[in-house]
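Engineer: Quick one: the structure is below, questions incoming.
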Amino acid sequence: MTAAAPCWTARVLTIFPEMFPGPLGLSLAGKALESGLWALETVDMRAFARDKHRSVDDTPFGGGPGMVMRPDVVDAAIAATADADTGDADAAPAIYLSPRGRLLTQSIVRELAARPSVTLLCGRYEGVDERVLAARQVDEISLGDFVLSGGEPAAIALIDAVVRLLPGVLGAPATLEEESFERGLLEYPHYTRPAEWQGRAVPEVLLSGHHERIRAWRRRQAEETTRARRPDLWTRYVAGLKNLDQAAAEEEGSKR
Ligand code: 9D3
């Protein structure tokens, strides 16, 4: 027997396994799942509760609102999945989806796509006991500064972002140049037929067939949109352009 073709695996620790695959079972990710380009394993953390009530949470020490996920239950769930993962002691630490995490970026998504698997810990209630995060060297990742009701929708978004990067998932992979995020800009606006709709015309240049002018127009639009909506991205982009200028100037200087 030869081993099955290796495929990227998302392992999800949750108390709501019914939330999966959810939207990941449809469209691009769903087709890739069916064709074996990636695999999904859900682990019901409640299976690792030890008391007769199957509790996964308890009240916070120090008082305060809400409940906290117990470290022993979460630890047992992580331990069980580590065993399932080829028993590899060097396997990457689990990722805890949490509003306290560092922000998810496309560069993190690319790193995760390059691994054989990821283990995602979905929190509920106020969060997970800090000690199990330290003991298991868990990595904390957030989707942004807004409040979800739990980690599951964040795990679904993260998996979606990784799956579309896996070889064979997208028909024709966009080049780095085309992926406007990679250049640090938001995308230019898109238009399709009809050429006039509700009195609104498609920008003339797009109908012109002048590929060089179209490219320049799109670049300008991407820059204007980024400057207006994302000053953070714009500052980095402008700094990047200045560095390019400087490198070119230094190159020129070294010739003299
Ligand atoms: C009242 C204090 N809340 C912190 C803002 C507590 C709290 C809110 C929401 C604790 C956990 C959650 C559930 N959120 C997630 O599990 C989560 C999340 C999010 O809420 N926003 C952005 N990214 C993520 S990743 C996981």
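Residue numbers start at 1 in each chain; chains themselves are named A, B, ... in the order of the structure tokens; ligands are numbered from 1 in the order shown.
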Select the residues contacting ligand 1 at a distance of at most 10 Å, based on only C-alpha atoms and all ligand atoms, then format the selection as a PDB file with C-alpha atoms, in the first residue's frame.
Structural biologist:
```pdb
ATOM      1  CA  GLY A  64     -15.923  39.267  36.701  1.00  0.00           C
ATOM      2  CA  PRO A  65     -18.495  38.414  34.061  1.00  0.00           C
ATOM      3  CA  GLY A  66     -18.766  35.209  32.057  1.00  0.00           C
ATOM      4  CA  MET A  67     -16.965  31.890  32.160  1.00  0.00           C
ATOM      5  CA  VAL A  68     -13.489  30.643  31.248  1.00  0.00           C
ATOM      6  CA  TYR A  96      -5.905  30.024  19.335  1.00  0.00           C
ATOM      7  CA  LEU A  97      -8.371  32.310  17.542  1.00  0.00           C
ATOM      8  CA  SER A  98      -8.766  35.144  20.013  1.00  0.00           C
ATOM      9  CA  PRO A  99      -9.572  38.871  20.044  1.00  0.00           C
ATOM     10  CA  ARG A 100      -6.253  39.303  21.943  1.00  0.00           C
ATOM     11  CA  GLY A 101      -4.148  37.779  19.163  1.00  0.00           C
ATOM     12  CA  ARG A 102      -1.843  39.418  16.646  1.00  0.00           C
ATOM     13  CA  LEU A 103      -3.700  40.361  13.478  1.00  0.00           C
ATOM     14  CA  LEU A 104      -4.025  37.760  10.731  1.00  0.00           C
ATOM     15  CA  LEU A 121      -8.441  26.205  18.969  1.00  0.00           C
ATOM     16  CA  CYS A 122     -11.832  27.939  19.017  1.00  0.00           C
ATOM     17  CA  GLY A 123     -12.711  29.701  22.238  1.00  0.00           C
ATOM     18  CA  ARG A 124     -16.153  30.314  23.620  1.00  0.00           C
ATOM     19  CA  TYR A 125     -17.223  32.283  26.704  1.00  0.00           C
ATOM     20  CA  GLU A 126     -14.691  34.938  27.858  1.00  0.00           C
ATOM     21  CA  GLY A 127     -11.739  32.882  26.669  1.00  0.00           C
ATOM     22  CA  VAL A 128      -9.322  30.088  27.621  1.00  0.00           C
ATOM     23  CA  GLU A 140      -2.863  33.710  19.311  1.00  0.00           C
ATOM     24  CA  ILE A 141      -4.396  35.196  16.179  1.00  0.00           C
ATOM     25  CA  SER A 142      -7.237  37.724  15.772  1.00  0.00           C
ATOM     26  CA  LEU A 143      -9.210  38.717  12.677  1.00  0.00           C
ATOM     27  CA  GLY A 144      -9.539  42.351  13.747  1.00  0.00           C
ATOM     28  CA  ASP A 145     -10.947  44.810  16.241  1.00  0.00           C
ATOM     29  CA  PHE A 146     -14.550  43.702  16.357  1.00  0.00           C
ATOM     30  CA  VAL A 147     -16.357  41.231  18.586  1.00  0.00           C
ATOM     31  CA  LEU A 148     -17.435  37.755  17.449  1.00  0.00           C
ATOM     32  CA  SER A 149     -19.356  35.372  19.683  1.00  0.00           C
ATOM     33  CA  GLY A 150     -16.640  32.728  19.437  1.00  0.00           C
ATOM     34  CA  GLY A 151     -13.626  31.528  17.500  1.00  0.00           C
ATOM     35  CA  GLU A 152     -15.465  29.279  15.002  1.00  0.00           C
ATOM     36  CA  PRO A 153     -16.359  31.928  12.391  1.00  0.00           C
ATOM     37  CA  ALA A 154     -12.743  33.167  12.630  1.00  0.00           C
ATOM     38  CA  ALA A 155     -11.424  29.612  12.081  1.00  0.00           C
ATOM     39  CA  ALA A 157     -12.326  32.554   7.596  1.00  0.00           C
ATOM     40  CA  LEU A 158      -8.705  31.540   8.258  1.00  0.00           C
TER      41      LEU A 158
END
```
Engineer: Between atom CA of Val205 of chain A and atom CA of Trp217 of chain A, what distance in Å does the model show, to one decimal?
Structural biologist: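 Computed distance, atom CA of Val205 of chain A to atom CA of Trp217 of chain A, equals 7.7 Å.
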Engineer: May I ask for the distance between atom CA of Thr9 of chain A and atom CA of Asp139 of chain A, given in Å to one decimal place?
Structural biologist: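 Between atom CA of Thr9 of chain A and atom CA of Asp139 of chain A the gap works out to 17.5 Å.
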Engineer: Residues near Gly30 of chain A, anyone? I mean within 12 Å using only C-alpha atoms, not counting same-chain ones fewer than 2 positions away, as a VMD selection string.
Structural biologist: chain A and resid 20 to 28 32 to 40 159 to 160 163 to 164 169
Engineer: Kindly save the residues from that selection, with N, CA and C atoms included, as a PDB file, in the first residue's frame.
Structural biologist:
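Saved as again-v9.pdb:
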```pdb
ATOM      1  N   PHE A  20     -19.028  23.037  11.382  1.00  0.00           N
ATOM      2  CA  PHE A  20     -18.095  22.693  10.305  1.00  0.00           C
ATOM      3  C   PHE A  20     -18.637  21.546   9.465  1.00  0.00           C
ATOM      4  N   PRO A  21     -18.368  21.458   8.164  1.00  0.00           N
ATOM      5  CA  PRO A  21     -17.595  22.424   7.389  1.00  0.00           C
ATOM      6  C   PRO A  21     -18.319  23.744   7.147  1.00  0.00           C
ATOM      7  N   GLY A  22     -19.677  23.784   7.321  1.00  0.00           N
ATOM      8  CA  GLY A  22     -20.386  25.042   7.097  1.00  0.00           C
ATOM      9  C   GLY A  22     -20.085  25.573   5.708  1.00  0.00           C
ATOM     10  N   PRO A  23     -19.758  26.855   5.596  1.00  0.00           N
ATOM     11  CA  PRO A  23     -19.479  27.439   4.274  1.00  0.00           C
ATOM     12  C   PRO A  23     -18.264  26.820   3.595  1.00  0.00           C
ATOM     13  N   LEU A  24     -17.388  26.143   4.365  1.00  0.00           N
ATOM     14  CA  LEU A  24     -16.207  25.506   3.762  1.00  0.00           C
ATOM     15  C   LEU A  24     -16.589  24.260   2.959  1.00  0.00           C
ATOM     16  N   GLY A  25     -17.847  23.829   3.072  1.00  0.00           N
ATOM     17  CA  GLY A  25     -18.325  22.673   2.315  1.00  0.00           C
ATOM     18  C   GLY A  25     -18.873  23.064   0.946  1.00  0.00           C
ATOM     19  N   LEU A  26     -18.886  24.371   0.654  1.00  0.00           N
ATOM     20  CA  LEU A  26     -19.462  24.867  -0.606  1.00  0.00           C
ATOM     21  C   LEU A  26     -18.398  25.556  -1.458  1.00  0.00           C
ATOM     22  N   SER A  27     -18.765  25.782  -2.727  1.00  0.00           N
ATOM     23  CA  SER A  27     -17.951  26.618  -3.615  1.00  0.00           C
ATOM     24  C   SER A  27     -16.516  26.101  -3.729  1.00  0.00           C
ATOM     25  N   LEU A  28     -15.583  27.032  -3.832  1.00  0.00           N
ATOM     26  CA  LEU A  28     -14.172  26.694  -4.071  1.00  0.00           C
ATOM     27  C   LEU A  28     -13.622  25.738  -3.001  1.00  0.00           C
ATOM     28  N   ALA A  32     -12.656  21.660  -3.357  1.00  0.00           N
ATOM     29  CA  ALA A  32     -11.291  21.230  -3.019  1.00  0.00           C
ATOM     30  C   ALA A  32     -11.320  20.189  -1.894  1.00  0.00           C
ATOM     31  N   LEU A  33     -12.264  20.342  -0.977  1.00  0.00           N
ATOM     32  CA  LEU A  33     -12.422  19.381   0.124  1.00  0.00           C
ATOM     33  C   LEU A  33     -12.850  18.027  -0.430  1.00  0.00           C
ATOM     34  N   GLU A  34     -13.849  18.050  -1.333  1.00  0.00           N
ATOM     35  CA  GLU A  34     -14.349  16.812  -1.949  1.00  0.00           C
ATOM     36  C   GLU A  34     -13.271  16.116  -2.763  1.00  0.00           C
ATOM     37  N   SER A  35     -12.440  16.906  -3.446  1.00  0.00           N
ATOM     38  CA  SER A  35     -11.433  16.282  -4.304  1.00  0.00           C
ATOM     39  C   SER A  35     -10.151  15.951  -3.534  1.00  0.00           C
ATOM     40  N   GLY A  36     -10.172  16.139  -2.213  1.00  0.00           N
ATOM     41  CA  GLY A  36      -9.046  15.680  -1.395  1.00  0.00           C
ATOM     42  C   GLY A  36      -7.832  16.592  -1.399  1.00  0.00           C
ATOM     43  N   LEU A  37      -7.998  17.852  -1.819  1.00  0.00           N
ATOM     44  CA  LEU A  37      -6.871  18.793  -1.810  1.00  0.00           C
ATOM     45  C   LEU A  37      -6.589  19.299  -0.392  1.00  0.00           C
ATOM     46  N   TRP A  38      -7.582  19.189   0.468  1.00  0.00           N
ATOM     47  CA  TRP A  38      -7.360  19.473   1.882  1.00  0.00           C
ATOM     48  C   TRP A  38      -8.301  18.593   2.704  1.00  0.00           C
ATOM     49  N   ALA A  39      -8.066  18.505   3.989  1.00  0.00           N
ATOM     50  CA  ALA A  39      -8.889  17.670   4.862  1.00  0.00           C
ATOM     51  C   ALA A  39      -9.273  18.458   6.104  1.00  0.00           C
ATOM     52  N   LEU A  40     -10.422  18.146   6.629  1.00  0.00           N
ATOM     53  CA  LEU A  40     -10.936  18.832   7.818  1.00  0.00           C
ATOM     54  C   LEU A  40     -11.192  17.793   8.907  1.00  0.00           C
ATOM     55  N   ILE A 159      -9.281  29.295   7.504  1.00  0.00           N
ATOM     56  CA  ILE A 159      -9.154  28.104   6.644  1.00  0.00           C
ATOM     57  C   ILE A 159      -9.456  28.474   5.200  1.00  0.00           C
ATOM     58  N   ASP A 160     -10.495  29.275   4.987  1.00  0.00           N
ATOM     59  CA  ASP A 160     -10.844  29.716   3.629  1.00  0.00           C
ATOM     60  C   ASP A 160      -9.664  30.434   2.975  1.00  0.00           C
ATOM     61  N   VAL A 163      -6.954  27.746   2.146  1.00  0.00           N
ATOM     62  CA  VAL A 163      -7.326  26.750   1.129  1.00  0.00           C
ATOM     63  C   VAL A 163      -7.202  27.321  -0.282  1.00  0.00           C
ATOM     64  N   ARG A 164      -7.576  28.587  -0.479  1.00  0.00           N
ATOM     65  CA  ARG A 164      -7.501  29.141  -1.846  1.00  0.00           C
ATOM     66  C   ARG A 164      -6.067  29.274  -2.345  1.00  0.00           C
ATOM     67  N   VAL A 169      -6.147  24.404  -6.156  1.00  0.00           N
ATOM     68  CA  VAL A 169      -7.467  24.875  -5.713  1.00  0.00           C
ATOM     69  C   VAL A 169      -8.014  25.953  -6.651  1.00  0.00           C
TER      70      VAL A 169
END
```
Engineer: Contacts of Pro93 of chain A at 9 Å or less, counting only C-alpha atoms, minus same-chain residues fewer than 3 places along, as a PyMOL selection string?
Structural biologist: chain A and resi 90+118-119+136-139
Engineer: Extract the full set of alpha helix (DSSP H) residues from segment 67-198 of chain A according to DSSP on the backbone, and format it as a ChimeraX atom specification.
Structural biologist: /A:71-84,106-114,130-135,152-163,180-183
Engineer: When you draw a straight line from atom CA of Arg183 of chain A to atom CA of Gly168 of chain A, how long is it in Å?
Structural biologist: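 Spanning atom CA of Arg183 of chain A to atom CA of Gly168 of chain A is a straight-line distance of 23.4 Å.
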Engineer: Please provide the set of residues having any atom within 12 Å of Asp232 of chain A, restricted to only C-alpha atoms, with same-chain residues fewer than 6 positions apart removed, written as a list in words.
Structural biologist: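 The contact residues come out as Gly184, Leu185, Leu186, Thr226, Val238 and Ala239 of chain A.
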Engineer: Could you name the residues that touch segment 74-84 of chain A at 12 Å or less, counting only C-alpha atoms, but leaving out those on the same chain fewer than 3 positions away, as a ChimeraX atom specification?
Structural biologist: /A:9-15,41-50,55-57,68-71,87-96,117-124,127-138
Engineer: For a quick check of understanding, using only C-alpha atoms, which of A:Ala161, A:Leu206, A:Arg230, A:Leu170 has the smallest distance to Glu187 of chain A?
Structural biologist: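 Among the listed residues, the smallest separation from Glu187 of chain A belongs to A:Arg230.
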Engineer: Per DSSP on the backbone, filter segment 2-242 of chain A down to the residues in strand (DSSP E or B) and report them as a PyMOL selection string.
Structural biologist: chain A and resi 8-14+38-44+57-58+68-69+95-103+117-122+127-128+139-142+196-197+200-201
Engineer: Hey, what's within 7 Å of segment 112-114 of chain A if we count only C-alpha atoms and toss same-chain stuff fewer than 3 positions away? As a CSV table (one decimal) with all heavy atoms, in the first residue's frame, please?
Structural biologist:
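To be explicit, this is the file written out as result-v3.csv:
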```csv
chain,number,residue,atom,x,y,z
A,108,ILE,N,0.9,35.7,7.1
A,108,ILE,CA,0.7,34.6,8.0
A,108,ILE,C,-0.1,33.4,7.3
A,108,ILE,O,0.3,32.3,7.4
A,108,ILE,CB,-0.1,35.0,9.2
A,108,ILE,CG1,0.8,36.0,10.1
A,108,ILE,CG2,-0.5,33.8,10.1
A,108,ILE,CD1,0.0,36.6,11.2
A,109,VAL,N,-1.1,33.8,6.5
A,109,VAL,CA,-1.8,32.9,5.7
A,109,VAL,C,-0.9,32.0,4.8
A,109,VAL,O,-1.0,30.8,4.8
A,109,VAL,CB,-2.9,33.6,4.9
A,109,VAL,CG1,-3.6,32.6,3.9
A,109,VAL,CG2,-4.0,34.2,5.8
A,118,VAL,N,-2.7,22.6,10.3
A,118,VAL,CA,-2.8,23.6,11.4
A,118,VAL,C,-3.8,23.1,12.4
A,118,VAL,O,-4.8,22.4,12.0
A,118,VAL,CB,-3.2,25.0,11.0
A,118,VAL,CG1,-2.1,25.7,10.1
A,118,VAL,CG2,-4.5,25.0,10.3
A,162,VAL,N,-6.5,30.1,3.6
A,162,VAL,CA,-5.4,29.2,3.3
A,162,VAL,C,-5.7,28.3,2.1
A,162,VAL,O,-4.9,28.1,1.2
A,162,VAL,CB,-5.1,28.3,4.6
A,162,VAL,CG1,-4.1,27.2,4.2
A,162,VAL,CG2,-4.5,29.1,5.7
A,165,LEU,N,-5.1,29.2,-1.4
A,165,LEU,CA,-3.7,29.2,-1.8
A,165,LEU,C,-3.1,27.9,-2.1
A,165,LEU,O,-2.0,27.8,-2.7
A,165,LEU,CB,-2.8,29.9,-0.7
A,165,LEU,CG,-3.1,31.3,-0.4
A,165,LEU,CD1,-2.1,31.8,0.7
A,165,LEU,CD2,-3.1,32.2,-1.6
A,166,LEU,N,-3.8,26.8,-1.8
A,166,LEU,CA,-3.2,25.4,-1.9
A,166,LEU,C,-3.1,25.1,-3.4
A,166,LEU,O,-4.0,25.5,-4.2
A,166,LEU,CB,-4.1,24.4,-1.2
A,166,LEU,CG,-4.2,24.6,0.3
A,166,LEU,CD1,-5.2,23.6,0.9
A,166,LEU,CD2,-2.9,24.5,1.0
```
Engineer: In terms of the shortest atom-to-atom distance over only C-alpha atoms, which of A:Gly171, A:Pro116, A:Gly240, A:Pro189 is closest to Ile214 of chain A?
Structural biologist: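 With only C-alpha atoms as the atom set, the closest residue is A:Pro189.
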Engineer: Restricting the calculation to only C-alpha atoms: of A:Trp197, A:Tyr188, A:His210, A:Ala247, which residue gets closest to Thr225 of chain A?
Structural biologist: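 The closest residue to Thr225 of chain A is A:Tyr188.
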